[in-house]
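Below: data_13.pdb (PDB, C-alpha atoms, pLDDT in the B column)
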```pdb
MODEL        1
ATOM      1  CA  MET A  13     -14.303   7.980  -2.208  1.00 40.00           C
ATOM      2  CA  ASN A  14     -16.351   6.345   0.553  1.00 45.00           C
ATOM      3  CA  ASP A  15     -13.538   5.045   2.720  1.00 80.00           C
ATOM      4  CA  ASP A  16     -11.379   7.486   4.641  1.00 89.00           C
ATOM      5  CA  PHE A  17      -8.405   5.120   4.879  1.00 92.00           C
ATOM      6  CA  PRO A  18      -6.538   6.533   1.834  1.00 93.00           C
ATOM      7  CA  ILE A  19      -6.719  10.058   3.242  1.00 94.00           C
ATOM      8  CA  LEU A  20      -5.663   9.059   6.746  1.00 93.00           C
ATOM      9  CA  ALA A  21      -2.897   6.759   5.480  1.00 92.00           C
ATOM     10  CA  ALA A  22      -1.467   9.361   3.112  1.00 91.00           C
ATOM     11  CA  VAL A  23      -1.415  11.961   5.906  1.00 92.00           C
ATOM     12  CA  ALA A  24       0.144   9.383   8.272  1.00 90.00           C
ATOM     13  CA  ALA A  25       2.915   8.690   5.769  1.00 84.00           C
ATOM     14  CA  ASN A  26       3.533  12.375   5.083  1.00 84.00           C
ATOM     15  CA  PRO A  27       1.695  15.218   6.862  1.00 82.00           C
ATOM     16  CA  THR A  28       0.777  17.700   4.166  1.00 86.00           C
ATOM     17  CA  HIS A  29      -1.852  20.100   2.897  1.00 88.00           C
ATOM     18  CA  PRO A  30      -5.032  19.061   1.007  1.00 90.00           C
ATOM     19  CA  TYR A  31      -3.833  20.003  -2.493  1.00 87.00           C
ATOM     20  CA  ALA A  32      -0.642  17.909  -2.174  1.00 89.00           C
ATOM     21  CA  LEU A  33      -2.763  15.129  -0.687  1.00 91.00           C
ATOM     22  CA  LEU A  34      -4.989  15.235  -3.765  1.00 92.00           C
ATOM     23  CA  ASP A  35      -1.952  14.906  -6.052  1.00 91.00           C
ATOM     24  CA  HIS A  36      -0.609  12.006  -3.981  1.00 89.00           C
ATOM     25  CA  LEU A  37      -3.881  10.053  -4.042  1.00 91.00           C
ATOM     26  CA  ARG A  38      -4.309  10.605  -7.781  1.00 91.00           C
ATOM     27  CA  ALA A  39      -0.719   9.486  -8.409  1.00 90.00           C
ATOM     28  CA  LEU A  40      -1.573   6.232  -6.648  1.00 86.00           C
ATOM     29  CA  GLY A  41      -4.418   5.754  -9.102  1.00 87.00           C
ATOM     30  CA  LEU A  42      -7.258   6.420  -6.696  1.00 89.00           C
ATOM     31  CA  PRO A  43     -10.300   8.100  -8.244  1.00 89.00           C
ATOM     32  CA  VAL A  44     -10.697  11.224  -6.130  1.00 90.00           C
ATOM     33  CA  THR A  45     -12.105  14.633  -6.936  1.00 92.00           C
ATOM     34  CA  ARG A  46     -11.030  17.864  -5.293  1.00 92.00           C
ATOM     35  CA  SER A  47     -14.494  18.597  -3.909  1.00 92.00           C
ATOM     36  CA  THR A  48     -14.863  15.120  -2.390  1.00 91.00           C
ATOM     37  CA  LEU A  49     -11.403  15.263  -0.841  1.00 93.00           C
ATOM     38  CA  TYR A  50     -11.939  18.699   0.698  1.00 92.00           C
ATOM     39  CA  ARG A  51     -15.325  17.638   2.131  1.00 93.00           C
ATOM     40  CA  ARG A  52     -13.832  14.438   3.593  1.00 93.00           C
ATOM     41  CA  VAL A  53     -10.874  16.337   5.067  1.00 93.00           C
ATOM     42  CA  GLU A  54     -13.270  18.767   6.769  1.00 93.00           C
ATOM     43  CA  ALA A  55     -15.333  15.863   8.107  1.00 94.00           C
ATOM     44  CA  LEU A  56     -12.201  14.079   9.408  1.00 94.00           C
ATOM     45  CA  VAL A  57     -11.074  17.266  11.151  1.00 93.00           C
ATOM     46  CA  ALA A  58     -14.548  17.638  12.716  1.00 94.00           C
ATOM     47  CA  GLN A  59     -14.476  13.983  13.867  1.00 94.00           C
ATOM     48  CA  GLY A  60     -11.072  14.508  15.486  1.00 94.00           C
ATOM     49  CA  TRP A  61      -9.100  12.107  13.286  1.00 93.00           C
ATOM     50  CA  LEU A  62      -7.161  14.850  11.524  1.00 94.00           C
ATOM     51  CA  GLU A  63      -5.677  18.007  12.960  1.00 92.00           C
ATOM     52  CA  ALA A  64      -5.558  21.083  10.749  1.00 90.00           C
ATOM     53  CA  ASP A  65      -3.528  24.233  11.210  1.00 88.00           C
ATOM     54  CA  ASP A  66      -3.528  27.233   8.892  1.00 84.00           C
ATOM     55  CA  ILE A  67       0.067  28.226   8.132  1.00 83.00           C
ATOM     56  CA  ARG A  68       1.560  30.782   5.777  1.00 80.00           C
ATOM     57  CA  GLY A  69       3.158  29.220   2.672  1.00 73.00           C
ATOM     58  CA  GLU A  70       6.261  30.355   0.773  1.00 78.00           C
ATOM     59  CA  ASN A  71       4.298  32.807  -1.346  1.00 80.00           C
ATOM     60  CA  GLY A  72       2.491  34.343   1.630  1.00 80.00           C
ATOM     61  CA  HIS A  73      -0.821  32.560   1.137  1.00 79.00           C
ATOM     62  CA  TYR A  74      -2.316  30.518   3.935  1.00 80.00           C
ATOM     63  CA  ARG A  75      -2.406  26.746   3.591  1.00 82.00           C
ATOM     64  CA  ARG A  76      -4.095  24.149   5.710  1.00 86.00           C
ATOM     65  CA  ALA A  77      -1.463  21.817   7.185  1.00 89.00           C
ATOM     66  CA  LEU A  78      -2.854  18.365   7.977  1.00 92.00           C
ATOM     67  CA  ALA A  79      -1.586  15.859  10.528  1.00 92.00           C
ATOM     68  CA  LEU A  80      -3.070  12.782  12.161  1.00 92.00           C
ATOM     69  CA  SER A  81      -4.482  13.044  15.648  1.00 93.00           C
ATOM     70  CA  LYS A  82      -3.905  10.260  18.162  1.00 93.00           C
ATOM     71  CA  ALA A  83      -7.391   8.876  17.418  1.00 93.00           C
ATOM     72  CA  GLY A  84      -6.675   9.077  13.697  1.00 92.00           C
ATOM     73  CA  ARG A  85      -3.412   7.170  14.097  1.00 89.00           C
ATOM     74  CA  THR A  86      -5.186   4.406  16.012  1.00 89.00           C
ATOM     75  CA  ARG A  87      -7.888   4.170  13.349  1.00 90.00           C
ATOM     76  CA  VAL A  88      -5.500   4.105  10.394  1.00 90.00           C
ATOM     77  CA  GLU A  89      -3.185   1.509  11.979  1.00 86.00           C
ATOM     78  CA  SER A  90      -6.150  -0.759  12.686  1.00 86.00           C
ATOM     79  CA  ALA A  91      -7.440  -0.397   9.125  1.00 89.00           C
ATOM     80  CA  ALA A  92      -3.931  -0.955   7.692  1.00 88.00           C
ATOM     81  CA  ALA A  93      -3.642  -4.312   9.450  1.00 84.00           C
ATOM     82  CA  GLY A  94      -6.856  -5.523   7.815  1.00 87.00           C
ATOM     83  CA  ILE A  95      -5.850  -4.239   4.386  1.00 89.00           C
ATOM     84  CA  LEU A  96      -2.443  -5.943   4.582  1.00 87.00           C
ATOM     85  CA  ARG A  97      -4.189  -9.259   5.217  1.00 85.00           C
ATOM     86  CA  SER A  98      -6.806  -9.039   2.473  1.00 86.00           C
ATOM     87  CA  GLU A  99      -6.067  -6.471  -0.245  1.00 87.00           C
ATOM     88  CA  PRO A 100      -4.315  -7.589  -3.467  1.00 87.00           C
ATOM     89  CA  LEU A 101      -0.606  -6.777  -3.481  1.00 83.00           C
ATOM     90  CA  GLU A 102      -0.928  -4.526  -6.538  1.00 82.00           C
ATOM     91  CA  SER A 103      -3.638  -2.392  -4.938  1.00 85.00           C
ATOM     92  CA  PRO A 104      -2.854   1.255  -4.085  1.00 87.00           C
ATOM     93  CA  LEU A 105      -4.520   0.616  -0.718  1.00 89.00           C
ATOM     94  CA  PHE A 106      -1.965  -2.133  -0.036  1.00 88.00           C
ATOM     95  CA  ALA A 107       0.867   0.309  -0.773  1.00 85.00           C
ATOM     96  CA  LEU A 108      -0.634   2.882   1.597  1.00 87.00           C
ATOM     97  CA  ALA A 109      -1.077   0.221   4.286  1.00 88.00           C
ATOM     98  CA  VAL A 110       2.581  -0.790   3.933  1.00 85.00           C
ATOM     99  CA  ALA A 111       3.612   2.853   4.367  1.00 83.00           C
ATOM    100  CA  VAL A 112       1.537   3.135   7.544  1.00 83.00           C
ATOM    101  CA  ALA A 113       2.558  -0.247   8.974  1.00 78.00           C
ATOM    102  CA  GLY A 114       6.216   0.232   8.053  1.00 65.00           C
ATOM    103  CA  ARG A 115       6.780   1.961  11.355  1.00 56.00           C
ATOM    104  CA  THR A 116       5.987  -1.225  13.307  1.00 56.00           C
ATOM    105  CA  GLY A 117       8.272  -3.865  11.808  1.00 62.00           C
ATOM    106  CA  GLU A 118       7.140  -6.873  13.839  1.00 70.00           C
ATOM    107  CA  GLN A 119       3.481  -6.329  13.014  1.00 70.00           C
ATOM    108  CA  LEU A 120       4.325  -5.865   9.350  1.00 76.00           C
ATOM    109  CA  ALA A 121       6.395  -9.059   9.285  1.00 79.00           C
ATOM    110  CA  ALA A 122       3.679 -11.059  11.053  1.00 79.00           C
ATOM    111  CA  THR A 123       1.155  -9.950   8.447  1.00 80.00           C
ATOM    112  CA  LEU A 124       3.315 -10.233   5.330  1.00 83.00           C
ATOM    113  CA  LYS A 125       4.927 -13.644   5.988  1.00 85.00           C
ATOM    114  CA  PRO A 126       1.655 -15.547   5.446  1.00 85.00           C
ATOM    115  CA  ARG A 127       0.997 -13.528   2.266  1.00 85.00           C
ATOM    116  CA  MET A 128       4.467 -14.426   1.017  1.00 86.00           C
ATOM    117  CA  ALA A 129       3.889 -18.107   1.852  1.00 88.00           C
ATOM    118  CA  VAL A 130       0.660 -18.114  -0.177  1.00 88.00           C
ATOM    119  CA  ALA A 131       2.439 -16.490  -3.127  1.00 88.00           C
ATOM    120  CA  ALA A 132       5.250 -19.060  -2.876  1.00 90.00           C
ATOM    121  CA  ARG A 133       2.745 -21.931  -2.925  1.00 91.00           C
ATOM    122  CA  GLN A 134       0.998 -20.415  -5.951  1.00 90.00           C
ATOM    123  CA  LEU A 135       4.359 -20.003  -7.676  1.00 91.00           C
ATOM    124  CA  THR A 136       5.271 -23.643  -7.023  1.00 91.00           C
ATOM    125  CA  GLU A 137       1.929 -24.812  -8.391  1.00 90.00           C
ATOM    126  CA  GLU A 138       2.213 -22.615 -11.504  1.00 89.00           C
ATOM    127  CA  GLU A 139       5.754 -23.868 -12.189  1.00 89.00           C
ATOM    128  CA  ARG A 140       4.714 -27.500 -11.673  1.00 87.00           C
ATOM    129  CA  THR A 141       1.764 -27.107 -14.031  1.00 85.00           C
ATOM    130  CA  LEU A 142       3.986 -25.460 -16.643  1.00 83.00           C
ATOM    131  CA  ARG A 143       6.486 -28.350 -16.478  1.00 82.00           C
ATOM    132  CA  CYS A 144       3.953 -31.186 -16.404  1.00 82.00           C
ATOM    133  CA  ASP A 145       1.302 -29.952 -18.843  1.00 75.00           C
ATOM    134  CA  ALA A 146       1.872 -29.230 -22.472  1.00 66.00           C
ATOM    135  CA  PRO A 147      -0.097 -25.984 -22.810  1.00 66.00           C
ATOM    136  CA  ASP A 148      -0.609 -24.283 -26.156  1.00 73.00           C
ATOM    137  CA  GLY A 149       1.238 -21.051 -26.925  1.00 71.00           C
ATOM    138  CA  TRP A 150      -1.298 -18.690 -25.335  1.00 74.00           C
ATOM    139  CA  SER A 151      -1.779 -20.765 -22.182  1.00 80.00           C
ATOM    140  CA  ARG A 152       1.967 -21.103 -21.779  1.00 81.00           C
ATOM    141  CA  ALA A 153       2.476 -17.355 -22.189  1.00 84.00           C
ATOM    142  CA  ALA A 154      -0.255 -16.597 -19.655  1.00 85.00           C
ATOM    143  CA  ARG A 155       1.212 -19.058 -17.143  1.00 85.00           C
ATOM    144  CA  GLU A 156       4.722 -17.647 -17.638  1.00 88.00           C
ATOM    145  CA  ARG A 157       3.330 -14.160 -17.042  1.00 88.00           C
ATOM    146  CA  ARG A 158       1.666 -15.284 -13.789  1.00 88.00           C
ATOM    147  CA  ILE A 159       4.948 -16.884 -12.720  1.00 89.00           C
ATOM    148  CA  ALA A 160       6.860 -13.658 -13.413  1.00 91.00           C
ATOM    149  CA  HIS A 161       4.308 -11.647 -11.410  1.00 89.00           C
ATOM    150  CA  LEU A 162       4.460 -14.066  -8.478  1.00 88.00           C
ATOM    151  CA  GLN A 163       8.263 -13.961  -8.511  1.00 90.00           C
ATOM    152  CA  ALA A 164       8.166 -10.151  -8.487  1.00 88.00           C
ATOM    153  CA  ASP A 165       5.596 -10.114  -5.657  1.00 86.00           C
ATOM    154  CA  ILE A 166       7.707 -12.480  -3.564  1.00 87.00           C
ATOM    155  CA  ALA A 167      10.873 -10.440  -4.168  1.00 88.00           C
ATOM    156  CA  TRP A 168       9.024  -7.237  -3.217  1.00 84.00           C
ATOM    157  CA  LEU A 169       7.632  -8.808  -0.025  1.00 84.00           C
ATOM    158  CA  GLN A 170      11.099 -10.087   0.857  1.00 84.00           C
ATOM    159  CA  GLY A 171      12.435  -6.560   0.408  1.00 82.00           C
ATOM    160  CA  LEU A 172       9.754  -5.204   2.731  1.00 78.00           C
ATOM    161  CA  LEU A 173      10.740  -7.798   5.313  1.00 78.00           C
ATOM    162  CA  GLY A 174      14.401  -6.821   5.075  1.00 77.00           C
ATOM    163  CA  ARG A 175      15.591  -9.870   3.176  1.00 63.00           C
ATOM    164  CA  ARG A 176      17.792  -9.893   0.137  1.00 52.00           C
ATOM    165  CA  THR A 177      17.841 -12.458  -2.614  1.00 51.00           C
ATOM    166  CA  VAL A 178      20.604 -13.646  -4.868  1.00 45.00           C
ATOM    167  CA  PRO A 179      19.450 -15.095  -8.204  1.00 49.00           C
ATOM    168  CA  GLY A 180      19.264 -18.893  -7.952  1.00 47.00           C
ATOM    169  CA  SER A 181      19.651 -18.974  -4.173  1.00 44.00           C
ATOM    170  CA  VAL A 182      17.551 -19.148  -1.061  1.00 46.00           C
ATOM    171  CA  PRO A 183      16.570 -15.775   0.498  1.00 48.00           C
ATOM    172  CA  VAL A 184      18.960 -14.694   3.223  1.00 43.00           C
ATOM    173  CA  ARG A 185      18.123 -12.527   6.245  1.00 44.00           C
ATOM    174  CA  ARG A 186      20.068  -9.243   6.374  1.00 43.00           C
ATOM    175  CA  THR A 187      22.339  -8.807   9.363  1.00 43.00           C
ATOM    176  CA  ALA A 188      23.046  -5.466  10.947  1.00 41.00           C
TER
ENDMDL
END
```
With the file now loaded, output its structure as structure tokens.
Amino acid sequence: MNDDFPILAAVAANPTHPYALLDHLRALGLPVTRSTLYRRVEALVAQGWLEADDIRGENGHYRRALALSKAGRTRVESAAAGILRSEPLESPLFALAVAVAGRTGEQLAATLKPRMAVAARQLTEEERTLRCDAPDGWSRAARERRIAHLQADIAWLQGLLGRRTVPGSVPVRRTA
């Protein structure tokens, strides 16, 4: 794991100890080994991006509690903005970036609206091609699958932006 963003983002979303962090990153599908993670955590603590405190756990053993430092928060928020603009929606890095950026709603909305517009244009084009062309069975199935994925991506992005959708209607902004 060359990039430290997954570690910093996971700690930003939920301050924890290294073993739980390892489980979290693996659950996201990131290829991380225990030795690499522990070395990177030590390096991030030494660089001042993570703060570590040894605390006594429930069973009496000491654990290393991790939290982001102010410098670490600045770094991870900056990296999250770039990832939200460029990373594929299905990427685990995108999910971590959403978790980090979720605290600043306006910034998240400003970044996700263009991504949603691109997905909507792709969806329109896929639907138009499906209606106008007469694809064979496999091409049709592949196009229908892409359409379903785009629809799911758009619905998910709308949910992140606080919008709700009613089947067959235009998305409506939630009111408080």
Could you tell me, as a list of chain:residue names, exactly which residues end up selected when the PyMOL selection byres ((chain A and resi 122) around 12) is applied to this structure?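 Answer for the PyMOL selection byres ((chain A and resi 122) around 12): A:Ala93, A:Leu96, A:Arg97, A:Ala113, A:Gly114, A:Thr116, A:Gly117, A:Glu118, A:Gln119, A:Leu120, A:Ala121, A:Thr123, A:Leu124, A:Lys125, A:Pro126, A:Arg127, A:Met128, A:Ala129, A:Leu169, A:Leu172, A:Leu173.
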Hey, could you pull the box centre and edge lengths for region 105-115 of chain A, axis-aligned, 8 Å padding per side, all listed atoms, to one decimal in Å, as AutoDock Vina command-line options?
```
--center_x 1.1 --center_y 0.5 --center_z 5.3 --size_x 27.3 --size_y 21.3 --size_z 28.1
```
Closest atom pairs, residues of region 97-165 of chain A within 10 Å of region 24-42 of chain A, only C-alpha atoms, as JSON lines:
```
{"residue": "A:Ser103", "atom": "CA", "partner": "A:Leu40", "partner_atom": "CA", "distance": 9.0}
{"residue": "A:Pro104", "atom": "CA", "partner": "A:Leu40", "partner_atom": "CA", "distance": 5.7}
{"residue": "A:Leu105", "atom": "CA", "partner": "A:Leu40", "partner_atom": "CA", "distance": 8.7}
{"residue": "A:Ala107", "atom": "CA", "partner": "A:Leu40", "partner_atom": "CA", "distance": 8.7}
{"residue": "A:Leu108", "atom": "CA", "partner": "A:Ala25", "partner_atom": "CA", "distance": 8.0}
{"residue": "A:Ala109", "atom": "CA", "partner": "A:Ala25", "partner_atom": "CA", "distance": 9.5}
{"residue": "A:Val110", "atom": "CA", "partner": "A:Ala25", "partner_atom": "CA", "distance": 9.7}
{"residue": "A:Ala111", "atom": "CA", "partner": "A:Ala25", "partner_atom": "CA", "distance": 6.0}
{"residue": "A:Val112", "atom": "CA", "partner": "A:Ala25", "partner_atom": "CA", "distance": 6.0}
{"residue": "A:Ala113", "atom": "CA", "partner": "A:Ala25", "partner_atom": "CA", "distance": 9.5}
{"residue": "A:Gly114", "atom": "CA", "partner": "A:Ala25", "partner_atom": "CA", "distance": 9.4}
{"residue": "A:Arg115", "atom": "CA", "partner": "A:Ala25", "partner_atom": "CA", "distance": 9.6}
```
Counting all atoms listed in the file, closest pick from A:Ile95, A:Ala167, A:Leu20, A:Val130 relative to Lys82 (chain A) is A:Leu20
Legend entry - Who sits within 9 Å of Leu49 (chain A), all atoms listed in the file, same chain under 2 positions skipped, as a list in words: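 Those residues are Met13, Ile19, Pro30, Leu33, Leu34, Val44, Thr45, Arg46, Ser47, Arg51, Arg52, Val53 and Glu54 of chain A.
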* **Long-range neighbours of Ala83 (chain A) as a PyMOL selection string, 10 Å cut-off, all atoms listed in the file, 3 positions minimum in chain** => chain A and resi 59-62+80+86-88
CA of Asp145 (chain A) to CA of Ile166 (chain A), straight-line distance in Å: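 CA of Ile166 (chain A) sits 24.1 Å away from CA of Asp145 (chain A).
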* What do you get, as an NGL selection string, if you spell out every residue that the PyMOL selection byres ((chain A and resi 64) around 6) selects here? -> :A and (63 or 65 or 77-78)
How many Å separate CA of Asp15 (chain A) from CA of Ala58 (chain A)?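 Interatomic distance here is 16.1 Å.
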Please indicate the distance in Å from CA of Val57 (chain A) to CA of Glu89 (chain A), rounded to one decimal place.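 Rounded to one decimal, the two atoms are 17.6 Å apart.
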